[in-house]
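Structure file final.txt; described as compact mmCIF, N, CA and C atoms and all ligand atoms.
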# COMPACT_ATOMS: atom_id res chain seq x y z
N MET A 241 16.32 -3.11 -2.28
CA MET A 241 15.44 -2.90 -1.12
C MET A 241 16.27 -2.95 0.16
N ASP A 242 16.50 -1.83 0.78
CA ASP A 242 17.35 -1.84 1.96
C ASP A 242 16.56 -1.58 3.25
N CYS A 243 15.22 -1.65 3.16
CA CYS A 243 14.40 -1.48 4.37
C CYS A 243 14.30 -2.82 5.09
N VAL A 244 14.75 -2.84 6.35
CA VAL A 244 14.78 -4.10 7.10
C VAL A 244 13.37 -4.69 7.26
N PHE A 245 12.38 -3.84 7.44
CA PHE A 245 11.01 -4.36 7.62
C PHE A 245 10.45 -4.88 6.30
N CYS A 246 10.80 -4.24 5.18
CA CYS A 246 10.39 -4.78 3.87
C CYS A 246 11.05 -6.14 3.64
N GLN A 247 12.27 -6.30 4.12
CA GLN A 247 12.96 -7.58 3.98
C GLN A 247 12.29 -8.66 4.83
N ILE A 248 11.78 -8.28 5.99
CA ILE A 248 11.02 -9.24 6.82
C ILE A 248 9.73 -9.63 6.09
N ILE A 249 9.03 -8.64 5.54
CA ILE A 249 7.79 -8.92 4.80
C ILE A 249 8.06 -9.88 3.65
N ALA A 250 9.18 -9.68 2.97
CA ALA A 250 9.53 -10.52 1.81
C ALA A 250 10.10 -11.87 2.21
N GLY A 251 10.32 -12.08 3.52
CA GLY A 251 10.87 -13.34 3.99
C GLY A 251 12.37 -13.46 3.77
N GLU A 252 13.01 -12.33 3.51
CA GLU A 252 14.45 -12.35 3.22
C GLU A 252 15.29 -12.37 4.48
N ILE A 253 14.73 -11.86 5.57
CA ILE A 253 15.40 -12.02 6.87
C ILE A 253 14.37 -12.57 7.86
N PRO A 254 14.84 -13.37 8.81
CA PRO A 254 13.89 -14.05 9.70
C PRO A 254 13.26 -13.11 10.73
N ALA A 255 12.07 -13.47 11.14
CA ALA A 255 11.39 -12.76 12.22
C ALA A 255 10.38 -13.73 12.83
N ASP A 256 10.04 -13.47 14.08
CA ASP A 256 9.04 -14.28 14.77
C ASP A 256 7.67 -13.66 14.48
N ILE A 257 7.09 -14.08 13.36
CA ILE A 257 5.85 -13.46 12.87
C ILE A 257 4.64 -14.06 13.59
N LEU A 258 3.83 -13.18 14.17
CA LEU A 258 2.66 -13.60 14.94
C LEU A 258 1.37 -13.46 14.16
N TYR A 259 1.39 -12.59 13.14
CA TYR A 259 0.14 -12.30 12.41
C TYR A 259 0.52 -11.83 11.00
N ARG A 260 -0.32 -12.20 10.05
CA ARG A 260 -0.10 -11.75 8.68
C ARG A 260 -1.44 -11.72 7.96
N ASP A 261 -1.74 -10.63 7.25
CA ASP A 261 -2.88 -10.62 6.34
C ASP A 261 -2.48 -9.86 5.09
N GLU A 262 -3.46 -9.44 4.30
CA GLU A 262 -3.16 -8.80 3.02
C GLU A 262 -2.40 -7.49 3.19
N GLU A 263 -2.69 -6.78 4.28
CA GLU A 263 -2.17 -5.41 4.44
C GLU A 263 -1.15 -5.24 5.55
N VAL A 264 -1.17 -6.15 6.53
CA VAL A 264 -0.44 -5.93 7.78
C VAL A 264 0.29 -7.20 8.19
N ILE A 265 1.47 -7.05 8.80
CA ILE A 265 2.07 -8.18 9.52
C ILE A 265 2.51 -7.70 10.91
N ALA A 266 2.68 -8.65 11.81
CA ALA A 266 3.15 -8.34 13.17
C ALA A 266 4.19 -9.39 13.56
N PHE A 267 5.24 -8.91 14.20
CA PHE A 267 6.32 -9.82 14.61
C PHE A 267 6.96 -9.28 15.88
N ARG A 268 7.65 -10.18 16.59
CA ARG A 268 8.27 -9.77 17.86
C ARG A 268 9.47 -8.86 17.60
N ASP A 269 9.58 -7.82 18.43
CA ASP A 269 10.72 -6.92 18.34
C ASP A 269 11.99 -7.68 18.69
N ILE A 270 13.05 -7.44 17.94
CA ILE A 270 14.31 -8.15 18.13
C ILE A 270 15.01 -7.74 19.43
N ASN A 271 14.65 -6.57 19.94
CA ASN A 271 15.27 -6.04 21.16
C ASN A 271 14.17 -5.62 22.13
N PRO A 272 13.46 -6.61 22.69
CA PRO A 272 12.25 -6.28 23.47
C PRO A 272 12.55 -5.48 24.74
N VAL A 273 11.68 -4.51 25.00
CA VAL A 273 11.82 -3.70 26.22
C VAL A 273 10.90 -4.20 27.33
N ALA A 274 10.11 -5.21 27.04
CA ALA A 274 9.17 -5.76 28.02
C ALA A 274 8.87 -7.20 27.59
N PRO A 275 8.25 -8.00 28.47
CA PRO A 275 7.97 -9.40 28.11
C PRO A 275 7.19 -9.55 26.80
N THR A 276 6.25 -8.67 26.55
CA THR A 276 5.60 -8.61 25.23
C THR A 276 6.05 -7.34 24.53
N HIS A 277 6.66 -7.48 23.38
CA HIS A 277 7.02 -6.32 22.55
C HIS A 277 6.90 -6.77 21.09
N VAL A 278 5.80 -6.35 20.50
CA VAL A 278 5.46 -6.76 19.14
C VAL A 278 5.36 -5.51 18.27
N LEU A 279 5.80 -5.64 17.03
CA LEU A 279 5.68 -4.55 16.06
C LEU A 279 4.59 -4.91 15.06
N ILE A 280 3.67 -3.98 14.84
CA ILE A 280 2.59 -4.16 13.87
C ILE A 280 2.88 -3.18 12.75
N ILE A 281 3.01 -3.68 11.52
CA ILE A 281 3.44 -2.80 10.43
C ILE A 281 2.59 -3.04 9.18
N PRO A 282 2.42 -1.99 8.36
CA PRO A 282 1.77 -2.19 7.05
C PRO A 282 2.74 -2.87 6.09
N LYS A 283 2.22 -3.69 5.20
CA LYS A 283 3.09 -4.28 4.19
C LYS A 283 3.58 -3.22 3.20
N LYS A 284 2.76 -2.23 2.96
CA LYS A 284 3.17 -1.13 2.08
C LYS A 284 4.28 -0.33 2.75
N HIS A 285 5.30 0.02 2.01
CA HIS A 285 6.39 0.81 2.60
C HIS A 285 5.98 2.27 2.72
N ILE A 286 5.41 2.58 3.88
CA ILE A 286 5.11 3.97 4.25
C ILE A 286 6.21 4.35 5.24
N PRO A 287 7.07 5.32 4.90
CA PRO A 287 8.25 5.56 5.73
C PRO A 287 7.92 5.95 7.19
N SER A 288 6.89 6.75 7.36
CA SER A 288 6.61 7.26 8.70
C SER A 288 5.16 7.71 8.78
N LEU A 289 4.70 7.94 10.00
CA LEU A 289 3.31 8.39 10.19
C LEU A 289 3.03 9.68 9.42
N VAL A 290 4.04 10.53 9.32
CA VAL A 290 3.85 11.82 8.64
C VAL A 290 3.61 11.63 7.14
N ASP A 291 3.98 10.46 6.62
CA ASP A 291 3.79 10.17 5.20
C ASP A 291 2.46 9.48 4.90
N LEU A 292 1.69 9.20 5.94
CA LEU A 292 0.42 8.51 5.76
C LEU A 292 -0.57 9.42 5.04
N ALA A 293 -1.05 8.96 3.89
CA ALA A 293 -2.05 9.74 3.15
C ALA A 293 -3.38 9.72 3.89
N ASP A 294 -4.17 10.75 3.71
CA ASP A 294 -5.48 10.80 4.37
C ASP A 294 -6.28 9.52 4.08
N ALA A 295 -6.20 9.06 2.85
CA ALA A 295 -6.97 7.87 2.45
C ALA A 295 -6.44 6.59 3.12
N GLU A 296 -5.24 6.67 3.68
CA GLU A 296 -4.64 5.48 4.31
C GLU A 296 -4.89 5.42 5.82
N THR A 297 -5.57 6.42 6.38
CA THR A 297 -5.77 6.43 7.83
C THR A 297 -6.52 5.21 8.36
N PRO A 298 -7.42 4.56 7.59
CA PRO A 298 -8.04 3.34 8.12
C PRO A 298 -7.04 2.24 8.48
N LEU A 299 -5.86 2.30 7.86
CA LEU A 299 -4.80 1.34 8.16
C LEU A 299 -4.41 1.38 9.65
N ILE A 300 -4.43 2.56 10.23
CA ILE A 300 -4.08 2.68 11.65
C ILE A 300 -5.13 1.98 12.51
N GLY A 301 -6.38 2.08 12.10
CA GLY A 301 -7.44 1.36 12.81
C GLY A 301 -7.26 -0.14 12.70
N GLN A 302 -6.90 -0.60 11.51
CA GLN A 302 -6.65 -2.03 11.31
C GLN A 302 -5.47 -2.50 12.16
N MET A 303 -4.40 -1.70 12.21
CA MET A 303 -3.24 -2.05 13.02
C MET A 303 -3.61 -2.08 14.51
N THR A 304 -4.45 -1.16 14.92
CA THR A 304 -4.89 -1.13 16.32
C THR A 304 -5.74 -2.36 16.65
N LYS A 305 -6.60 -2.73 15.72
CA LYS A 305 -7.43 -3.93 15.92
C LYS A 305 -6.55 -5.17 16.09
N ILE A 306 -5.53 -5.29 15.26
CA ILE A 306 -4.62 -6.43 15.35
C ILE A 306 -3.83 -6.37 16.65
N ALA A 307 -3.41 -5.18 17.04
CA ALA A 307 -2.68 -5.03 18.31
C ALA A 307 -3.55 -5.50 19.48
N ASN A 308 -4.81 -5.11 19.48
CA ASN A 308 -5.72 -5.53 20.55
C ASN A 308 -5.89 -7.05 20.56
N GLN A 309 -6.00 -7.62 19.36
CA GLN A 309 -6.13 -9.07 19.23
C GLN A 309 -4.88 -9.77 19.77
N LEU A 310 -3.70 -9.23 19.41
CA LEU A 310 -2.45 -9.83 19.88
C LEU A 310 -2.30 -9.66 21.40
N ALA A 311 -2.77 -8.54 21.92
CA ALA A 311 -2.71 -8.32 23.37
C ALA A 311 -3.54 -9.39 24.09
N ARG A 312 -4.68 -9.75 23.51
CA ARG A 312 -5.49 -10.83 24.10
C ARG A 312 -4.72 -12.14 24.04
N GLU A 313 -4.11 -12.42 22.89
CA GLU A 313 -3.37 -13.67 22.72
C GLU A 313 -2.16 -13.74 23.65
N GLU A 314 -1.57 -12.58 23.94
CA GLU A 314 -0.40 -12.52 24.83
C GLU A 314 -0.81 -12.45 26.30
N ALA A 315 -2.12 -12.45 26.53
CA ALA A 315 -2.69 -12.43 27.88
C ALA A 315 -2.29 -11.17 28.66
N ILE A 316 -2.25 -10.03 27.96
CA ILE A 316 -1.95 -8.76 28.65
C ILE A 316 -3.12 -7.78 28.56
N SER A 317 -4.25 -8.26 28.05
CA SER A 317 -5.41 -7.37 27.91
C SER A 317 -5.87 -6.81 29.24
N GLU A 318 -5.90 -7.68 30.25
CA GLU A 318 -6.41 -7.26 31.56
C GLU A 318 -5.38 -6.46 32.33
N SER A 319 -4.11 -6.86 32.26
CA SER A 319 -3.05 -6.17 33.02
C SER A 319 -2.73 -4.81 32.42
N GLY A 320 -2.89 -4.66 31.10
CA GLY A 320 -2.66 -3.38 30.44
C GLY A 320 -1.44 -3.40 29.54
N TYR A 321 -1.45 -2.47 28.61
CA TYR A 321 -0.37 -2.42 27.62
C TYR A 321 -0.33 -1.04 27.00
N ARG A 322 0.69 -0.81 26.19
CA ARG A 322 0.85 0.49 25.53
C ARG A 322 1.04 0.27 24.04
N LEU A 323 0.36 1.10 23.25
CA LEU A 323 0.59 1.15 21.80
C LEU A 323 1.29 2.47 21.52
N ALA A 324 2.36 2.42 20.73
CA ALA A 324 3.11 3.64 20.45
C ALA A 324 3.60 3.64 19.01
N ILE A 325 3.56 4.81 18.40
CA ILE A 325 4.13 5.01 17.06
C ILE A 325 5.12 6.17 17.16
N SER A 326 6.38 5.90 16.90
CA SER A 326 7.39 6.94 16.87
C SER A 326 7.41 7.53 15.46
N CYS A 327 7.53 8.85 15.39
CA CYS A 327 7.51 9.53 14.08
C CYS A 327 8.66 10.51 13.98
N GLY A 328 9.58 10.21 13.08
CA GLY A 328 10.66 11.15 12.80
C GLY A 328 11.76 11.14 13.86
N LYS A 329 12.78 11.96 13.60
CA LYS A 329 14.00 11.94 14.41
C LYS A 329 13.72 12.26 15.89
N GLN A 330 13.06 13.38 16.13
CA GLN A 330 12.82 13.74 17.53
C GLN A 330 11.71 12.89 18.15
N GLY A 331 10.94 12.22 17.32
CA GLY A 331 9.96 11.27 17.84
C GLY A 331 10.59 9.94 18.22
N GLY A 332 11.90 9.80 17.93
CA GLY A 332 12.61 8.59 18.32
C GLY A 332 12.49 7.45 17.33
N GLN A 333 12.04 7.74 16.11
CA GLN A 333 11.90 6.67 15.11
C GLN A 333 13.27 6.28 14.55
N GLU A 334 13.56 4.98 14.60
CA GLU A 334 14.85 4.49 14.10
C GLU A 334 14.71 3.76 12.77
N VAL A 335 13.63 3.01 12.62
CA VAL A 335 13.43 2.26 11.37
C VAL A 335 12.41 3.02 10.52
N PRO A 336 12.83 3.43 9.30
CA PRO A 336 11.95 4.26 8.47
C PRO A 336 10.92 3.46 7.68
N HIS A 337 10.11 2.72 8.42
CA HIS A 337 8.95 2.00 7.87
C HIS A 337 7.92 2.05 8.99
N LEU A 338 6.78 2.66 8.71
CA LEU A 338 5.74 2.86 9.73
C LEU A 338 5.52 1.60 10.55
N HIS A 339 5.52 1.75 11.88
CA HIS A 339 5.28 0.60 12.75
C HIS A 339 4.66 1.06 14.06
N MET A 340 3.84 0.18 14.61
CA MET A 340 3.21 0.40 15.91
C MET A 340 3.81 -0.59 16.90
N HIS A 341 4.26 -0.09 18.06
CA HIS A 341 4.77 -0.97 19.11
C HIS A 341 3.62 -1.38 20.02
N LEU A 342 3.54 -2.68 20.30
CA LEU A 342 2.66 -3.20 21.36
C LEU A 342 3.57 -3.68 22.47
N VAL A 343 3.48 -3.01 23.63
CA VAL A 343 4.39 -3.30 24.73
C VAL A 343 3.59 -3.58 25.99
N GLY A 344 3.95 -4.65 26.71
CA GLY A 344 3.27 -4.95 27.96
C GLY A 344 3.89 -6.15 28.64
N GLY A 345 3.25 -6.57 29.72
CA GLY A 345 3.74 -7.72 30.47
C GLY A 345 4.54 -7.33 31.70
N ARG A 346 4.71 -6.04 31.92
CA ARG A 346 5.32 -5.52 33.15
C ARG A 346 4.77 -4.11 33.36
N GLN A 347 4.99 -3.56 34.56
CA GLN A 347 4.56 -2.19 34.82
C GLN A 347 5.42 -1.24 33.99
N LEU A 348 4.81 -0.46 33.10
CA LEU A 348 5.55 0.49 32.28
C LEU A 348 5.68 1.82 33.01
N SER A 349 6.68 2.59 32.60
CA SER A 349 6.88 3.90 33.23
C SER A 349 5.74 4.84 32.82
N GLY A 350 5.54 5.85 33.63
CA GLY A 350 4.46 6.80 33.37
C GLY A 350 4.84 7.86 32.36
N THR A 351 6.10 7.85 31.93
CA THR A 351 6.54 8.91 31.00
C THR A 351 6.69 8.34 29.59
N LEU A 352 6.43 9.18 28.63
CA LEU A 352 6.58 8.77 27.23
C LEU A 352 7.85 9.33 26.61
N GLY A 353 8.34 10.42 27.12
CA GLY A 353 9.48 11.07 26.47
C GLY A 353 10.75 11.01 27.30
P1 LIG A 401 11.56 2.76 16.48
O1 LIG A 401 12.66 3.21 17.39
O2 LIG A 401 10.20 3.22 16.90
O3 LIG A 401 11.87 3.07 15.03
O4 LIG A 401 11.51 1.19 16.62
C1 LIG A 401 12.21 0.31 15.79
C2 LIG A 401 12.17 -1.04 16.44
O5 LIG A 401 12.52 -2.01 15.48
C3 LIG A 401 13.16 -1.20 17.60
O6 LIG A 401 12.43 -1.51 18.80
C4 LIG A 401 14.05 -2.35 17.15
O7 LIG A 401 14.44 -3.19 18.21
C5 LIG A 401 13.18 -3.05 16.13
N1 LIG A 401 13.89 -3.82 15.14
C6 LIG A 401 14.92 -3.41 14.35
N2 LIG A 401 15.32 -4.41 13.52
C7 LIG A 401 14.50 -5.47 13.79
C8 LIG A 401 14.40 -6.78 13.26
N3 LIG A 401 15.22 -7.23 12.29
N4 LIG A 401 13.46 -7.61 13.76
C9 LIG A 401 12.62 -7.18 14.73
N5 LIG A 401 12.66 -5.94 15.26
C10 LIG A 401 13.60 -5.08 14.81

Show me the file's structure as structure tokens.
Ligand code: AMP
Amino acid sequence: MDCVFCQIIAGEIPADILYRDEEVIAFRDINPVAPTHVLIIPKKHIPSLVDLADAETPLIGQMTKIANQLAREEAISESGYRLAISCGKQGGQEVPHLHMHLVGGRQLSGTLG
């Protein structure tokens, strides 16, 4: 198993885990771009958004629900935040395990690309 996020799920490498349930875990990004930078990921190794089966789309809703919950816990609900999923090479995805970024705690730029 050479997927770094699968190794975090398995407890083989450390992470600052904020949330865990049957399907999803969330932990702080090791290289944060803002005061709050959390990754929300499925426990199942889905390489990228493009690999998400139609039947698995509810997982994105679950990840969004957890992101919103974490945003409240991080006290950035009112100030605002960004959820982002990078997909593939030109989408800027570096780790090939589906993940959602929750970023906030400072004024973010208006550009995505
Ligand atoms: P992306 O560029 O969308 O694939 O984002 C991958 C993110 O994973 C980057 O923001 C990295 O800083 C983060 N990352 C990589 N390795 C780790 C790790 N071991 N623990 C926490 N975050 C990580």

Starting from 4 Å padding per side, set up an axis-aligned box that covers all listed atoms of segment 305-321 of chain A and hand over centre and edge lengths in Å, one decimal, as lines of an AutoDock Vina configuration file.
center_x = -3.9
center_y = -7.4
center_z = 24.1
size_x = 15.1
size_y = 20.7
size_z = 25.8

- Apply DSSP to the backbone of this structure and, from segment 249-351 of chain A, keep only the residues in strand (DSSP E or B); write these as a VMD selection string. chain A and resid 257 to 260 264 to 268 276 to 282 321 to 324 340 to 344

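Coordinates place atom C of Val290 of chain A at a distance of 26.6 Å from atom C of Ser349 of chain A.
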
Protein and nucleic acid residues within 9 Å of ligand LIG 401 (chain A) (only C-alpha atoms and all ligand atoms) as a compact mmCIF listing (two decimals) with N, CA and C atoms, in the coordinates of the input:
# COMPACT_ATOMS: atom_id res chain seq x y z
N VAL A 244 14.75 -2.84 6.35
CA VAL A 244 14.78 -4.10 7.10
C VAL A 244 13.37 -4.69 7.26
N PHE A 245 12.38 -3.84 7.44
CA PHE A 245 11.01 -4.36 7.62
C PHE A 245 10.45 -4.88 6.30
N GLN A 247 12.27 -6.30 4.12
CA GLN A 247 12.96 -7.58 3.98
C GLN A 247 12.29 -8.66 4.83
N ILE A 248 11.78 -8.28 5.99
CA ILE A 248 11.02 -9.24 6.82
C ILE A 248 9.73 -9.63 6.09
N ILE A 253 14.73 -11.86 5.57
CA ILE A 253 15.40 -12.02 6.87
C ILE A 253 14.37 -12.57 7.86
N PRO A 254 14.84 -13.37 8.81
CA PRO A 254 13.89 -14.05 9.70
C PRO A 254 13.26 -13.11 10.73
N ALA A 255 12.07 -13.47 11.14
CA ALA A 255 11.39 -12.76 12.22
C ALA A 255 10.38 -13.73 12.83
N ASP A 256 10.04 -13.47 14.08
CA ASP A 256 9.04 -14.28 14.77
C ASP A 256 7.67 -13.66 14.48
N PHE A 267 5.24 -8.91 14.20
CA PHE A 267 6.32 -9.82 14.61
C PHE A 267 6.96 -9.28 15.88
N ARG A 268 7.65 -10.18 16.59
CA ARG A 268 8.27 -9.77 17.86
C ARG A 268 9.47 -8.86 17.60
N ASP A 269 9.58 -7.82 18.43
CA ASP A 269 10.72 -6.92 18.34
C ASP A 269 11.99 -7.68 18.69
N ILE A 270 13.05 -7.44 17.94
CA ILE A 270 14.31 -8.15 18.13
C ILE A 270 15.01 -7.74 19.43
N ASN A 271 14.65 -6.57 19.94
CA ASN A 271 15.27 -6.04 21.16
C ASN A 271 14.17 -5.62 22.13
N PRO A 272 13.46 -6.61 22.69
CA PRO A 272 12.25 -6.28 23.47
C PRO A 272 12.55 -5.48 24.74
N VAL A 273 11.68 -4.51 25.00
CA VAL A 273 11.82 -3.70 26.22
C VAL A 273 10.90 -4.20 27.33
N HIS A 277 6.66 -7.48 23.38
CA HIS A 277 7.02 -6.32 22.55
C HIS A 277 6.90 -6.77 21.09
N VAL A 278 5.80 -6.35 20.50
CA VAL A 278 5.46 -6.76 19.14
C VAL A 278 5.36 -5.51 18.27
N LEU A 279 5.80 -5.64 17.03
CA LEU A 279 5.68 -4.55 16.06
C LEU A 279 4.59 -4.91 15.06
N ALA A 324 2.36 2.42 20.73
CA ALA A 324 3.11 3.64 20.45
C ALA A 324 3.60 3.64 19.01
N ILE A 325 3.56 4.81 18.40
CA ILE A 325 4.13 5.01 17.06
C ILE A 325 5.12 6.17 17.16
N SER A 326 6.38 5.90 16.90
CA SER A 326 7.39 6.94 16.87
C SER A 326 7.41 7.53 15.46
N CYS A 327 7.53 8.85 15.39
CA CYS A 327 7.51 9.53 14.08
C CYS A 327 8.66 10.51 13.98
N GLY A 328 9.58 10.21 13.08
CA GLY A 328 10.66 11.15 12.80
C GLY A 328 11.76 11.14 13.86
N GLY A 331 10.94 12.22 17.32
CA GLY A 331 9.96 11.27 17.84
C GLY A 331 10.59 9.94 18.22
N GLY A 332 11.90 9.80 17.93
CA GLY A 332 12.61 8.59 18.32
C GLY A 332 12.49 7.45 17.33
N GLN A 333 12.04 7.74 16.11
CA GLN A 333 11.90 6.67 15.11
C GLN A 333 13.27 6.28 14.55
N GLU A 334 13.56 4.98 14.60
CA GLU A 334 14.85 4.49 14.10
C GLU A 334 14.71 3.76 12.77
N VAL A 335 13.63 3.01 12.62
CA VAL A 335 13.43 2.26 11.37
C VAL A 335 12.41 3.02 10.52
N PRO A 336 12.83 3.43 9.30
CA PRO A 336 11.95 4.26 8.47
C PRO A 336 10.92 3.46 7.68
N HIS A 337 10.11 2.72 8.42
CA HIS A 337 8.95 2.00 7.87
C HIS A 337 7.92 2.05 8.99
N LEU A 338 6.78 2.66 8.71
CA LEU A 338 5.74 2.86 9.73
C LEU A 338 5.52 1.60 10.55
N HIS A 339 5.52 1.75 11.88
CA HIS A 339 5.28 0.60 12.75
C HIS A 339 4.66 1.06 14.06
N MET A 340 3.84 0.18 14.61
CA MET A 340 3.21 0.40 15.91
C MET A 340 3.81 -0.59 16.90
N HIS A 341 4.26 -0.09 18.06
CA HIS A 341 4.77 -0.97 19.11
C HIS A 341 3.62 -1.38 20.02

- Message: Using only N, CA and C atoms, which protein or nucleic acid residues come within 6.5 Å of segment 314-320 of chain A? Drop anything in the same chain fewer than 6 positions from it, and give the result as a ChimeraX atom specification.
- Response: /A:343-345

Write out, as a PDB file, in the frame of the given file, the residues just selected, with N, CA and C atoms.
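As a result, out_39.pdb now contains:
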ATOM      1  N   VAL A 343       3.480  -3.010  23.630  1.00  0.00           N
ATOM      2  CA  VAL A 343       4.390  -3.300  24.730  1.00  0.00           C
ATOM      3  C   VAL A 343       3.590  -3.580  25.990  1.00  0.00           C
ATOM      4  N   GLY A 344       3.950  -4.650  26.710  1.00  0.00           N
ATOM      5  CA  GLY A 344       3.270  -4.950  27.960  1.00  0.00           C
ATOM      6  C   GLY A 344       3.890  -6.150  28.640  1.00  0.00           C
ATOM      7  N   GLY A 345       3.250  -6.570  29.720  1.00  0.00           N
ATOM      8  CA  GLY A 345       3.740  -7.720  30.470  1.00  0.00           C
ATOM      9  C   GLY A 345       4.540  -7.330  31.700  1.00  0.00           C
TER      10      GLY A 345
END

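Considering all atoms listed in the file, the residue among A:Lys283, A:Asp261, A:Gln330, A:Ala266 positioned nearest to Cys246 of chain A is A:Lys283.
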